[in-house]
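Asks: Mind looking over this structure? Questions follow.
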Amino acid sequence: MLKSKFIANILELLLDGDKEGIDVKLQLEYLSESDYEYTGSGVFIGFEHKIGIEKYKAHKSDLVLDGVKIKSTELESGADCILFFINGIINNLEIWSNSGNYPKKELSEYELTQE
């Protein structure tokens, strides 16, 4: 179970964009955040998987999904998101700031849009 509403909202929107994403959306029920690596210009979020997630593997083993933009008063010019899969399973999420400056904490106020 995902603990962060922010991360859950991003993943929901990323997986709502096309057929490949919609097909693997049930993986969300088997995910939890395992680690956050803040880089100054963004953050990498790793995930742990519960047993059973394999039933919902993507057909493409190295699937990459993007197309979600973040607007926030905590960011100078917004941020982008990209979701990486390994062996058809969600592996990590990368968020990076368009200005190159990202706070070393989760955003508290944000607006997400899908492109």
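If you're wondering about the labels, chains in the structure tokens are A, B, ... by order shown, residues count from 1 in each chain, ligands from 1 in order shown.
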Just the alpha helix (DSSP H) stuff from chain A, please, per backbone DSSP, written as a ChimeraX atom specification.
Replies: /A:5-14,19-23
Asks: Would you mind listing what lies within 10 Å of Gly78 (chain A) as a list in words, with only C-alpha atoms counted and same-chain residues fewer than 2 positions away left out?
Replies: Lys69, Ile70, Lys71, Ser72, Thr73, Glu74, Leu75, Glu76, Asp80, Trp96, Ser97, Asn98, Ser99, Gly100, Asn101, Tyr102, Tyr110, Glu111 and Leu112 of chain A
Asks: Using DSSP on the backbone coordinates, identify all residues within chain A classified as strand (DSSP E); present the result as an MDAnalysis selection string.
Replies: chainID A and resid 31:38 42:49 64:71 79:86 89:97 111:114
Asks: If you count only C-alpha atoms, which residues fall within 8 Å of Leu31 (chain A), apart from same-chain ones fewer than 2 positions away, as a ChimeraX atom specification?
Replies: /A:1-2,27-29,33,47-50
Asks: Keeping N, CA, C and O atoms for every residue in the selection just given, could you write it to a file as a CSV table (one decimal), in the first residue's frame?
Replies:
```csv
chain,number,residue,atom,x,y,z
A,1,MET,N,0.8,-1.2,0.0
A,1,MET,CA,0.0,0.0,0.0
A,1,MET,C,0.9,1.2,0.0
A,1,MET,O,1.8,1.3,0.8
A,2,LEU,N,0.6,2.1,-0.9
A,2,LEU,CA,1.3,3.4,-1.0
A,2,LEU,C,1.0,4.3,0.2
A,2,LEU,O,-0.2,4.4,0.5
A,27,GLN,N,-1.2,-3.1,-10.5
A,27,GLN,CA,0.0,-3.3,-9.7
A,27,GLN,C,0.1,-2.3,-8.5
A,27,GLN,O,0.8,-2.6,-7.5
A,28,LEU,N,-0.7,-1.2,-8.6
A,28,LEU,CA,-0.6,-0.2,-7.5
A,28,LEU,C,-1.0,-0.8,-6.2
A,28,LEU,O,-0.5,-0.4,-5.1
A,29,GLU,N,-1.9,-1.8,-6.2
A,29,GLU,CA,-2.4,-2.5,-5.0
A,29,GLU,C,-1.2,-3.3,-4.3
A,29,GLU,O,-1.4,-3.6,-3.1
A,33,GLU,N,6.3,2.4,-1.1
A,33,GLU,CA,7.5,3.1,-1.3
A,33,GLU,C,8.6,2.5,-0.5
A,33,GLU,O,8.4,2.2,0.7
A,47,PHE,N,10.4,1.2,-5.2
A,47,PHE,CA,9.2,0.5,-4.7
A,47,PHE,C,9.5,-0.9,-4.3
A,47,PHE,O,10.3,-1.6,-4.9
A,48,GLU,N,8.8,-1.3,-3.2
A,48,GLU,CA,8.8,-2.7,-2.8
A,48,GLU,C,7.5,-3.3,-3.4
A,48,GLU,O,6.5,-2.6,-3.6
A,49,HIS,N,7.5,-4.7,-3.6
A,49,HIS,CA,6.4,-5.3,-4.2
A,49,HIS,C,5.9,-6.5,-3.4
A,49,HIS,O,6.7,-7.2,-2.8
A,50,LYS,N,4.6,-6.6,-3.2
A,50,LYS,CA,3.9,-7.7,-2.5
A,50,LYS,C,3.8,-8.9,-3.5
A,50,LYS,O,3.7,-8.7,-4.7
```
